[in-house]
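Novice: The following file, protein-v8.cif, comprises mmCIF, C-alpha atoms:
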data_my_file
loop_
_atom_site.label_atom_id
_atom_site.label_comp_id
_atom_site.auth_asym_id
_atom_site.auth_seq_id
_atom_site.Cartn_x
_atom_site.Cartn_y
_atom_site.Cartn_z
CA MET F 1 -60.12 -102.48 29.13
CA THR F 2 -60.73 -106.20 28.56
CA PHE F 3 -58.34 -108.99 27.65
CA SER F 4 -60.37 -109.99 24.58
CA GLY F 5 -60.38 -106.39 23.35
CA ALA F 6 -56.62 -106.13 23.91
CA ILE F 7 -56.08 -109.37 21.96
CA ARG F 8 -58.11 -108.03 19.02
CA SER F 9 -56.08 -104.83 19.10
CA GLU F 10 -52.82 -106.80 19.09
CA PHE F 11 -53.82 -108.86 16.07
CA THR F 12 -55.03 -105.76 14.22
CA ARG F 13 -51.58 -104.23 14.64
CA LEU F 14 -49.55 -107.43 14.18
CA VAL F 15 -51.23 -108.32 10.90
CA ARG F 16 -49.53 -105.26 9.39
CA SER F 17 -46.12 -106.08 10.86
CA PRO F 18 -43.32 -108.09 9.22
CA LEU F 19 -43.74 -110.75 11.91
CA VAL F 20 -46.63 -112.41 10.07
CA PRO F 21 -44.76 -113.04 6.79
CA ALA F 22 -41.67 -114.02 8.82
CA HIS F 23 -43.64 -116.73 10.62
CA LEU F 24 -45.16 -117.88 7.33
CA VAL F 25 -41.85 -118.06 5.46
CA CYS F 26 -40.06 -119.92 8.27
CA ALA F 27 -42.87 -122.46 8.62
CA LEU F 28 -43.12 -123.14 4.89
CA ALA F 29 -39.35 -123.27 4.39
CA GLY F 30 -38.85 -125.73 7.25
CA GLY F 31 -41.82 -127.89 6.31
CA PHE F 32 -40.94 -128.11 2.61
CA ALA F 33 -37.18 -128.59 3.04
CA CYS F 34 -37.41 -131.29 5.70
CA GLY F 35 -40.53 -132.88 4.20
CA LEU F 36 -38.93 -133.26 0.78
CA TYR F 37 -35.78 -134.67 2.32
CA PHE F 38 -37.44 -137.28 4.52
CA ALA F 39 -39.84 -138.22 1.73
CA VAL F 40 -36.91 -139.69 -0.23
CA ALA F 41 -34.20 -140.27 2.42
CA PRO F 42 -33.43 -143.86 3.48
CA TRP F 43 -34.08 -143.12 7.16
CA ASP F 44 -37.05 -144.60 8.97
CA ALA F 45 -39.94 -142.20 8.44
CA SER F 46 -41.01 -142.18 12.10
CA ALA F 47 -37.46 -141.45 13.25
CA GLY F 48 -37.33 -138.70 10.63
CA ALA F 49 -40.50 -137.16 12.00
CA ASP F 50 -39.04 -137.33 15.51
CA ALA F 51 -35.86 -135.58 14.35
CA TYR F 52 -37.90 -132.90 12.56
CA VAL F 53 -40.02 -132.16 15.61
CA GLN F 54 -36.87 -131.95 17.73
CA PHE F 55 -35.44 -129.50 15.21
CA LEU F 56 -38.54 -127.29 15.44
CA GLY F 57 -38.48 -127.42 19.24
CA ALA F 58 -34.78 -126.64 19.44
CA MET F 59 -35.33 -123.58 17.26
CA MET F 60 -38.05 -122.17 19.51
CA PRO F 61 -35.77 -120.41 22.05
CA LEU F 62 -34.14 -118.44 19.24
CA MET F 63 -37.43 -117.83 17.43
CA ALA F 64 -39.06 -116.57 20.64
CA GLY F 65 -36.09 -114.28 21.25
CA VAL F 66 -36.21 -112.84 17.74
CA VAL F 67 -39.98 -112.41 17.65
CA CYS F 68 -40.29 -110.87 21.12
CA GLY F 69 -37.26 -108.65 20.55
CA LEU F 70 -38.65 -107.32 17.27
CA ALA F 71 -42.14 -106.86 18.71
CA VAL F 72 -40.88 -104.81 21.67
CA ASP F 73 -38.57 -102.82 19.36
CA GLU F 74 -41.56 -101.97 17.20
CA GLU F 75 -43.50 -100.84 20.28
CA ARG F 76 -40.61 -98.55 21.23
CA ARG F 77 -40.41 -97.03 17.75
CA ALA F 78 -44.19 -96.59 17.54
CA GLY F 79 -44.45 -94.50 20.67
CA GLY F 80 -42.04 -95.38 23.44
CA LEU F 81 -44.08 -98.39 24.63
CA ALA F 82 -47.19 -96.21 24.97
CA ASN F 83 -49.38 -99.07 23.69
CA LEU F 84 -48.23 -101.15 26.65
CA ALA F 85 -47.40 -98.75 29.46
CA ALA F 86 -49.79 -95.84 28.88
CA VAL F 87 -53.07 -97.74 28.88
CA PRO F 88 -55.75 -98.29 31.57
CA SER F 89 -54.28 -101.71 32.41
CA ARG F 90 -50.70 -102.25 31.32
CA ARG F 91 -50.78 -105.82 32.67
CA ILE F 92 -53.69 -106.72 30.40
CA ALA F 93 -51.93 -105.07 27.45
CA LEU F 94 -48.71 -107.02 28.06
CA ALA F 95 -50.56 -110.30 28.65
CA ALA F 96 -52.40 -109.75 25.35
CA GLN F 97 -49.15 -109.14 23.48
CA CYS F 98 -47.53 -112.26 24.96
CA THR F 99 -50.60 -114.29 24.03
CA ALA F 100 -50.77 -112.92 20.49
CA LEU F 101 -47.10 -113.68 19.84
CA TRP F 102 -47.48 -117.17 21.31
CA LEU F 103 -50.53 -117.86 19.14
CA MET F 104 -48.60 -116.76 16.06
CA GLY F 105 -45.89 -119.22 17.03
CA LEU F 106 -48.48 -121.96 17.50
CA ALA F 107 -49.92 -121.30 14.04
CA ALA F 108 -46.43 -121.38 12.50
CA LEU F 109 -45.62 -124.69 14.22
CA ALA F 110 -48.89 -126.22 13.06
CA LEU F 111 -48.20 -125.11 9.49
CA ALA F 112 -44.61 -126.41 9.59
CA VAL F 113 -45.72 -129.84 10.87
CA GLY F 114 -48.69 -129.92 8.49
CA VAL F 115 -46.58 -129.24 5.39
CA PHE F 116 -44.00 -131.81 6.50
CA ALA F 117 -46.69 -134.45 7.09
CA ALA F 118 -48.43 -133.70 3.79
CA LEU F 119 -45.22 -134.28 1.82
CA LEU F 120 -44.53 -137.56 3.63
CA ALA F 121 -48.13 -138.66 3.03
CA ALA F 122 -47.82 -137.82 -0.68
CA ALA F 123 -44.75 -140.04 -0.84
CA GLY F 124 -46.56 -142.83 1.03
CA ARG F 125 -44.17 -142.60 3.96
CA LEU F 126 -46.24 -140.97 6.71
CA ALA F 127 -46.33 -143.41 9.65
CA LEU F 128 -47.95 -141.15 12.25
CA ASP F 129 -51.65 -140.36 12.62
CA GLY F 130 -53.20 -136.93 12.86
CA GLY F 131 -53.72 -137.20 16.61
CA THR F 132 -50.01 -137.79 17.20
CA LEU F 133 -49.08 -134.85 14.99
CA ALA F 134 -51.57 -132.57 16.76
CA LEU F 135 -50.26 -133.67 20.16
CA SER F 136 -46.73 -132.98 18.98
CA VAL F 137 -47.66 -129.42 17.92
CA ALA F 138 -49.36 -128.92 21.29
CA GLY F 139 -46.19 -130.07 23.06
CA LEU F 140 -44.00 -127.76 21.00
CA SER F 141 -46.18 -124.73 21.69
CA PHE F 142 -46.84 -125.50 25.36
CA GLY F 143 -43.13 -126.02 25.99
CA SER F 144 -42.46 -122.60 24.45
CA THR F 145 -44.83 -120.69 26.73
CA PRO F 146 -42.38 -119.74 29.51
CA LEU F 147 -39.82 -118.78 26.86
CA TYR F 148 -42.11 -116.08 25.48
CA ALA F 149 -42.51 -114.59 28.96
CA LEU F 150 -38.73 -114.66 29.48
CA MET F 151 -37.94 -113.11 26.09
CA ILE F 152 -40.52 -110.34 26.51
CA ALA F 153 -38.98 -109.47 29.88
CA LEU F 154 -35.45 -109.44 28.48
CA SER F 155 -36.54 -107.31 25.52
CA LEU F 156 -38.23 -104.77 27.77
CA ARG F 157 -35.41 -104.57 30.29
CA PHE F 158 -32.25 -105.03 28.21
CA GLY F 159 -33.31 -104.73 24.57
CA ARG F 160 -33.65 -106.92 21.51
CA ASN F 161 -30.07 -108.18 21.40
CA ALA F 162 -30.24 -109.62 24.91
CA ALA F 163 -33.32 -111.64 24.00
CA ILE F 164 -31.82 -112.88 20.74
CA GLY F 165 -28.50 -113.78 22.40
CA THR F 166 -30.28 -115.70 25.14
CA GLY F 167 -32.38 -117.48 22.53
CA ALA F 168 -29.28 -118.49 20.58
CA ALA F 169 -27.70 -119.95 23.72
CA GLY F 170 -30.98 -121.74 24.43
CA LEU F 171 -30.95 -123.24 20.94
CA LEU F 172 -27.57 -124.84 21.59
CA LEU F 173 -28.70 -126.23 24.94
CA ALA F 174 -31.83 -127.64 23.33
CA PHE F 175 -29.81 -129.41 20.62
CA PHE F 176 -27.52 -130.96 23.20
CA SER F 177 -30.48 -132.04 25.34
CA VAL F 178 -31.64 -134.53 22.69
CA GLY F 179 -28.15 -135.73 21.76
CA GLY F 180 -28.08 -134.06 18.35
CA LEU F 181 -30.73 -134.41 15.68
CA ALA F 182 -28.93 -137.17 13.74
CA HIS F 183 -28.29 -139.35 16.79
CA GLY F 184 -31.75 -140.90 16.86
CA LEU F 185 -31.75 -141.41 13.10
CA MET F 186 -28.46 -143.32 13.08
CA THR F 187 -28.95 -145.35 16.24
CA GLY F 188 -32.71 -145.85 16.29
CA GLU F 189 -32.85 -144.61 19.88
CA LEU F 190 -35.68 -142.54 21.30
CA THR F 191 -33.54 -139.61 22.36
CA ALA F 192 -36.13 -137.33 24.00
CA VAL F 193 -37.10 -139.90 26.61
CA GLY F 194 -33.45 -140.44 27.55
CA SER F 195 -32.27 -136.84 27.53
CA GLY F 196 -31.37 -136.83 31.25
CA LEU F 197 -30.86 -133.66 33.25
CA LEU F 198 -30.40 -131.48 30.17
CA GLY F 199 -33.94 -132.36 29.16
CA LEU F 200 -35.23 -130.72 32.33
CA GLU F 201 -33.91 -127.24 31.60
CA PRO F 202 -36.51 -124.83 30.13
CA PHE F 203 -34.88 -124.30 26.73
CA ALA F 204 -35.25 -128.04 26.02
CA TRP F 205 -38.95 -128.23 26.87
CA PRO F 206 -40.38 -127.42 23.40
CA ALA F 207 -38.18 -130.03 21.70
CA ARG F 208 -38.74 -132.61 24.41
CA LEU F 209 -42.51 -132.27 24.77
CA GLY F 210 -43.04 -132.19 21.01
CA SER F 211 -40.75 -135.17 20.47
CA LEU F 212 -42.21 -137.26 23.30
CA ALA F 213 -45.58 -137.28 21.53
CA VAL F 214 -43.90 -138.85 18.49
CA GLU F 215 -41.82 -141.24 20.58
CA ALA F 216 -44.92 -142.44 22.42
CA ALA F 217 -46.45 -143.40 19.05
CA ILE F 218 -43.21 -145.12 18.01
CA ALA F 219 -43.05 -147.10 21.26
CA GLU F 220 -46.69 -148.11 20.89
CA ALA F 221 -46.15 -149.23 17.29
CA GLN F 222 -43.18 -151.33 18.42
CA GLY F 223 -45.32 -152.91 21.11
CA SER F 224 -42.92 -151.86 23.87
CA ALA F 225 -45.06 -151.18 26.94
CA ALA F 226 -42.03 -150.47 29.14
CA ILE F 227 -40.68 -147.77 26.83
CA PHE F 228 -44.17 -146.31 26.38
CA LEU F 229 -44.47 -145.94 30.16
CA GLN F 230 -41.04 -144.26 30.29
CA VAL F 231 -42.15 -141.81 27.59
CA ALA F 232 -45.40 -141.08 29.42
CA ASP F 233 -43.54 -140.52 32.69
CA ALA F 234 -41.04 -138.17 31.00
CA ALA F 235 -43.87 -136.24 29.37
CA ALA F 236 -45.73 -135.88 32.67
CA THR F 237 -42.62 -134.70 34.53
CA THR F 238 -41.66 -132.19 31.85
CA GLY F 239 -45.24 -130.99 31.47
CA ILE F 240 -45.61 -130.34 35.21
CA LEU F 241 -42.31 -128.44 35.28
CA CYS F 242 -43.36 -126.39 32.26
CA ALA F 243 -46.78 -125.56 33.73
CA ALA F 244 -45.24 -124.45 37.02
CA ALA F 245 -42.58 -122.37 35.25
CA THR F 246 -45.18 -120.76 32.99
CA LEU F 247 -47.34 -119.73 35.93
CA ALA F 248 -44.34 -118.37 37.83
CA ALA F 249 -42.89 -116.56 34.81
CA LEU F 250 -46.15 -114.88 33.81
CA THR F 251 -46.95 -113.88 37.38
CA ALA F 252 -43.49 -112.37 37.85
CA LEU F 253 -43.57 -110.63 34.46
CA LEU F 254 -46.96 -109.00 34.99
CA ALA F 255 -46.16 -107.99 38.58
CA TRP F 256 -42.87 -106.41 37.49
CA PHE F 257 -44.38 -104.64 34.48
CA GLY F 258 -46.89 -102.94 36.73
CA ARG F 259 -44.05 -100.75 38.04
CA PHE F 260 -41.89 -100.71 34.92
CA GLU F 261 -40.68 -97.32 33.73
CA GLU F 262 -39.08 -97.07 30.33
CA GLY F 263 -35.60 -95.63 30.40
CA LYS F 264 -35.23 -95.72 34.21
CA SER F 265 -32.22 -97.52 35.60
CA HIS F 266 -34.22 -98.74 38.58
CA ALA F 267 -36.84 -100.50 36.42
CA GLN F 268 -35.53 -103.97 37.10
CA PHE F 269 -36.58 -107.27 38.56
#
Write out the structure in this file as C-alpha cells.

Specialist:
Amino acid sequence: MTFSGAIRSEFTRLVRSPLVPAHLVCALAGGFACGLYFAVAPWDASAGADAYVQFLGAMMPLMAGVVCGLAVDEERRAGGLANLAAVPSRRIALAAQCTALWLMGLAALALAVGVFAALLAAAGRLALDGGTLALSVAGLSFGSTPLYALMIALSLRFGRNAAIGTGAAGLLLAFFSVGGLAHGLMTGELTAVGSGLLGLEPFAWPARLGSLAVEAAIAEAQGSAAIFLQVADAAATTGILCAAATLAALTALLAWFGRFEEGKSHAQF
C-alpha cells in the first residue's frame, strides 16, 4: 500500500461525494459576493482585499470541522471506517484522507481568491499582483494544516458535532484575533501584524498568515520599511509555530490511529 495509491483512491471516492460541490459553491459564493462588493465600495481596494483574506482565514476552522466531520461520517456509513482501519496500513490511509481534504480546501481557497481578484481587476481596482495573491492563498492553506489534523481526530474520537462545535469556537477566536474584519477598513490599520497574543493561537493562523502576505504588499507600496519588517517578523514567527504544530499534530494523530478501535471506550489519546 503506497501513499500515492491511497491518495488516488481518496480522490476517486471524494469526487462522488457532496464535499466537492460544497467546496465549489462556497468558493464561488464568497468570491462573487465579496468581489462585487469591493469592486464598487468606497473602501481602499487593498484594505478590502486584506479584509476578504482575513474573512476566508477566519472561516477555515469551521470549514475544516464541517468537512472533516462529514468525511468521517461518510466513512462510518460506508463500512464502519473499514476504508481507514481495515487496510494494510491504516496510517497511510488516514494520512491520504487528511491530505486529500486539505488539497480540496486549498483548491477552494485558490478559487475564492481568484474570483475575487478577477472581479476587482474587471472594475480596475485590483492593487495586488499575482504573486501576492498566490502567497496569500499559500498562507491560508498552510495555516489550516494543523486544523485538519485536529478536526479529523475529533471526528474519529467524538463524532461530527464535536469537530463542528470546535470549528465554530475557532471561527470566533479567529475573528477576534484580527480585531474584526471592518476594523482595518475603517482605521486603515494593518490588523494582522498587530494581532498580539490572540494571533498566536492555532485557530488564527490561516487568517493571519494569509493576511500578512497582503499586508506586506501594502507596507511595501507605502514605502514603510519598518512596518514591512514587522510584517515579515510576524509571518516568520507564525509560520514556525504552524510548522511545528503541524508536525506534532500529524505525528500524534497517526501514532494514535495505529491503535484506534472504533466503538471502544478506551480508544482515546

Novice: Sorted by chain and rising residue number, which residues of segment 48-73 of chain F lie within 8 Å of segment 209-215 of chain F, and what are their closest atom pairs and distances in Å to one decimal, counting only C-alpha atoms, as a tab-separated table?

Specialist:
residue	atom	partner	partner_atom	distance
F:Ala49	CA	F:Val214	CA	7.5
F:Asp50	CA	F:Ser211	CA	5.7
F:Ala51	CA	F:Ser211	CA	7.8
F:Val53	CA	F:Ser211	CA	5.8
F:Gln54	CA	F:Ser211	CA	5.7
F:Gly57	CA	F:Gly210	CA	6.8

Novice: For the structure shown, which residues end up in the PyMOL selection byres ((chain F and resi 115) around 10)? Put them as a CSV table (one decimal) with C-alpha atoms, in the frame of the given file, please?

Specialist:
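The new file part_34.csv reads:
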chain,number,residue,atom,x,y,z
F,27,ALA,CA,-42.9,-122.5,8.6
F,28,LEU,CA,-43.1,-123.1,4.9
F,29,ALA,CA,-39.4,-123.3,4.4
F,30,GLY,CA,-38.8,-125.7,7.2
F,31,GLY,CA,-41.8,-127.9,6.3
F,32,PHE,CA,-40.9,-128.1,2.6
F,33,ALA,CA,-37.2,-128.6,3.0
F,34,CYS,CA,-37.4,-131.3,5.7
F,35,GLY,CA,-40.5,-132.9,4.2
F,36,LEU,CA,-38.9,-133.3,0.8
F,109,LEU,CA,-45.6,-124.7,14.2
F,110,ALA,CA,-48.9,-126.2,13.1
F,111,LEU,CA,-48.2,-125.1,9.5
F,112,ALA,CA,-44.6,-126.4,9.6
F,113,VAL,CA,-45.7,-129.8,10.9
F,114,GLY,CA,-48.7,-129.9,8.5
F,116,PHE,CA,-44.0,-131.8,6.5
F,117,ALA,CA,-46.7,-134.4,7.1
F,118,ALA,CA,-48.4,-133.7,3.8
F,119,LEU,CA,-45.2,-134.3,1.8
F,120,LEU,CA,-44.5,-137.6,3.6
F,121,ALA,CA,-48.1,-138.7,3.0

Novice: Calculated over all atoms listed in the file, which of the candidates F:Ala245, F:Leu14, F:Val137, F:Ala127 has the smallest distance to Pro202 of chain F?

Specialist: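 So, comparing all the options, the nearest one is F:Ala245.
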
Novice: Looking at F:Ile92, F:Leu171, F:Ala163, F:Val178, which one is nearest to Ile7 of chain F, with distances taken over only C-alpha atoms?

Specialist: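 Checking each candidate against Ile7 of chain F, we get F:Ile92 as the closest.
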
Novice: For the file shown, report as a compact mmCIF listing (two decimals) with C-alpha atoms, in the coordinates of the input the outcome of the PyMOL selection byres ((chain F and resi 141-154) around 6) at residue level.

Specialist:
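Output contents, as saved in result_21.txt:
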# COMPACT_ATOMS: atom_id res chain seq x y z
CA ALA F 64 -39.06 -116.57 20.64
CA GLY F 65 -36.09 -114.28 21.25
CA CYS F 68 -40.29 -110.87 21.12
CA LEU F 106 -48.48 -121.96 17.50
CA ALA F 138 -49.36 -128.92 21.29
CA GLY F 139 -46.19 -130.07 23.06
CA LEU F 140 -44.00 -127.76 21.00
CA SER F 155 -36.54 -107.31 25.52
CA LEU F 156 -38.23 -104.77 27.77
CA ARG F 157 -35.41 -104.57 30.29
CA PHE F 158 -32.25 -105.03 28.21
CA ALA F 163 -33.32 -111.64 24.00
CA TRP F 205 -38.95 -128.23 26.87
CA PRO F 206 -40.38 -127.42 23.40
CA THR F 246 -45.18 -120.76 32.99

Novice: Dump segment 96-213 of chain F with C-alpha atoms to a file, as a tab-separated table (two decimals), in the first residue's frame.

Specialist:
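Final file, selection18.tsv:
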chain	number	residue	atom	x	y	z
F	96	ALA	CA	-4.06	10.20	2.46
F	97	GLN	CA	-7.52	11.26	3.60
F	98	CYS	CA	-6.14	14.25	5.55
F	99	THR	CA	-4.08	15.27	2.53
F	100	ALA	CA	-6.98	14.91	0.09
F	101	LEU	CA	-9.28	17.02	2.25
F	102	TRP	CA	-6.56	19.65	2.71
F	103	LEU	CA	-5.94	19.79	-1.05
F	104	MET	CA	-9.65	20.28	-1.66
F	105	GLY	CA	-9.54	23.18	0.79
F	106	LEU	CA	-6.51	24.63	-0.99
F	107	ALA	CA	-8.31	24.45	-4.35
F	108	ALA	CA	-11.40	26.13	-2.87
F	109	LEU	CA	-9.29	28.94	-1.36
F	110	ALA	CA	-7.48	29.49	-4.65
F	111	LEU	CA	-10.81	29.68	-6.50
F	112	ALA	CA	-12.31	32.06	-3.92
F	113	VAL	CA	-9.32	34.43	-4.12
F	114	GLY	CA	-9.14	34.10	-7.91
F	115	VAL	CA	-12.80	35.04	-8.44
F	116	PHE	CA	-12.47	37.95	-6.01
F	117	ALA	CA	-9.34	39.24	-7.76
F	118	ALA	CA	-10.89	38.84	-11.23
F	119	LEU	CA	-13.88	40.99	-10.28
F	120	LEU	CA	-11.67	43.70	-8.80
F	121	ALA	CA	-9.46	43.61	-11.91
F	122	ALA	CA	-12.53	43.94	-14.15
F	123	ALA	CA	-13.52	47.04	-12.20
F	124	GLY	CA	-9.98	48.44	-12.46
F	125	ARG	CA	-9.49	48.29	-8.70
F	126	LEU	CA	-7.08	45.37	-8.20
F	127	ALA	CA	-4.00	46.77	-6.45
F	128	LEU	CA	-2.22	43.48	-5.69
F	129	ASP	CA	-0.11	41.40	-8.06
F	130	GLY	CA	-0.48	37.72	-8.76
F	131	GLY	CA	2.49	36.79	-6.59
F	132	THR	CA	0.94	38.44	-3.55
F	133	LEU	CA	-2.37	36.69	-4.14
F	134	ALA	CA	-0.66	33.32	-4.56
F	135	LEU	CA	1.35	33.86	-1.38
F	136	SER	CA	-1.84	34.76	0.43
F	137	VAL	CA	-3.53	31.52	-0.69
F	138	ALA	CA	-0.45	29.60	0.41
F	139	GLY	CA	-0.63	31.26	3.84
F	140	LEU	CA	-4.32	30.47	4.20
F	141	SER	CA	-3.85	26.81	3.33
F	142	PHE	CA	-0.63	26.31	5.29
F	143	GLY	CA	-2.18	27.89	8.38
F	144	SER	CA	-5.08	25.45	8.08
F	145	THR	CA	-2.94	22.30	8.06
F	146	PRO	CA	-2.90	21.55	11.81
F	147	LEU	CA	-6.64	22.28	11.94
F	148	TYR	CA	-7.37	19.42	9.55
F	149	ALA	CA	-5.40	17.02	11.75
F	150	LEU	CA	-7.26	18.24	14.84
F	151	MET	CA	-10.70	18.01	13.22
F	152	ILE	CA	-10.07	14.52	11.85
F	153	ALA	CA	-9.05	13.38	15.33
F	154	LEU	CA	-12.12	14.93	16.95
F	155	SER	CA	-14.39	13.43	14.30
F	156	LEU	CA	-12.95	9.96	14.81
F	157	ARG	CA	-12.99	10.08	18.59
F	158	PHE	CA	-16.08	12.14	19.44
F	159	GLY	CA	-18.06	12.47	16.20
F	160	ARG	CA	-19.02	15.13	13.70
F	161	ASN	CA	-20.68	17.53	16.12
F	162	ALA	CA	-17.58	17.84	18.28
F	163	ALA	CA	-15.50	18.84	15.27
F	164	ILE	CA	-18.09	21.33	14.04
F	165	GLY	CA	-18.54	22.84	17.51
F	166	THR	CA	-14.79	23.24	17.94
F	167	GLY	CA	-14.57	24.80	14.50
F	168	ALA	CA	-17.31	27.31	15.34
F	169	ALA	CA	-15.48	28.33	18.51
F	170	GLY	CA	-12.28	28.63	16.48
F	171	LEU	CA	-14.03	30.91	14.00
F	172	LEU	CA	-14.92	33.35	16.78
F	173	LEU	CA	-11.37	33.32	18.13
F	174	ALA	CA	-10.01	33.94	14.64
F	175	PHE	CA	-12.30	36.94	14.13
F	176	PHE	CA	-11.24	38.45	17.43
F	177	SER	CA	-7.56	37.84	16.65
F	178	VAL	CA	-7.62	40.38	13.81
F	179	GLY	CA	-9.81	42.91	15.62
F	180	GLY	CA	-12.89	42.33	13.48
F	181	LEU	CA	-12.99	42.44	9.70
F	182	ALA	CA	-14.20	46.06	9.47
F	183	HIS	CA	-11.57	47.43	11.85
F	184	GLY	CA	-8.80	47.62	9.26
F	185	LEU	CA	-11.15	49.08	6.65
F	186	MET	CA	-12.30	51.94	8.88
F	187	THR	CA	-8.99	52.76	10.52
F	188	GLY	CA	-6.51	51.90	7.79
F	189	GLU	CA	-4.51	49.79	10.24
F	190	LEU	CA	-2.74	46.57	9.30
F	191	THR	CA	-4.55	44.39	11.81
F	192	ALA	CA	-2.86	41.02	11.22
F	193	VAL	CA	0.59	42.31	12.10
F	194	GLY	CA	-0.70	43.79	15.35
F	195	SER	CA	-2.95	40.97	16.48
F	196	GLY	CA	-0.96	40.29	19.67
F	197	LEU	CA	-1.25	37.08	21.65
F	198	LEU	CA	-4.56	36.09	20.05
F	199	GLY	CA	-2.77	35.93	16.72
F	200	LEU	CA	-0.54	33.17	18.07
F	201	GLU	CA	-3.31	30.68	18.81
F	202	PRO	CA	-3.79	28.00	16.11
F	203	PHE	CA	-7.30	28.99	15.01
F	204	ALA	CA	-5.97	32.41	13.97
F	205	TRP	CA	-3.11	31.09	11.84
F	206	PRO	CA	-4.98	30.78	8.50
F	207	ALA	CA	-6.33	34.33	8.73
F	208	ARG	CA	-3.05	35.75	9.97
F	209	LEU	CA	-0.71	34.05	7.50
F	210	GLY	CA	-2.99	34.80	4.56
F	211	SER	CA	-3.45	38.41	5.63
F	212	LEU	CA	0.24	39.04	6.33
F	213	ALA	CA	1.05	38.36	2.68
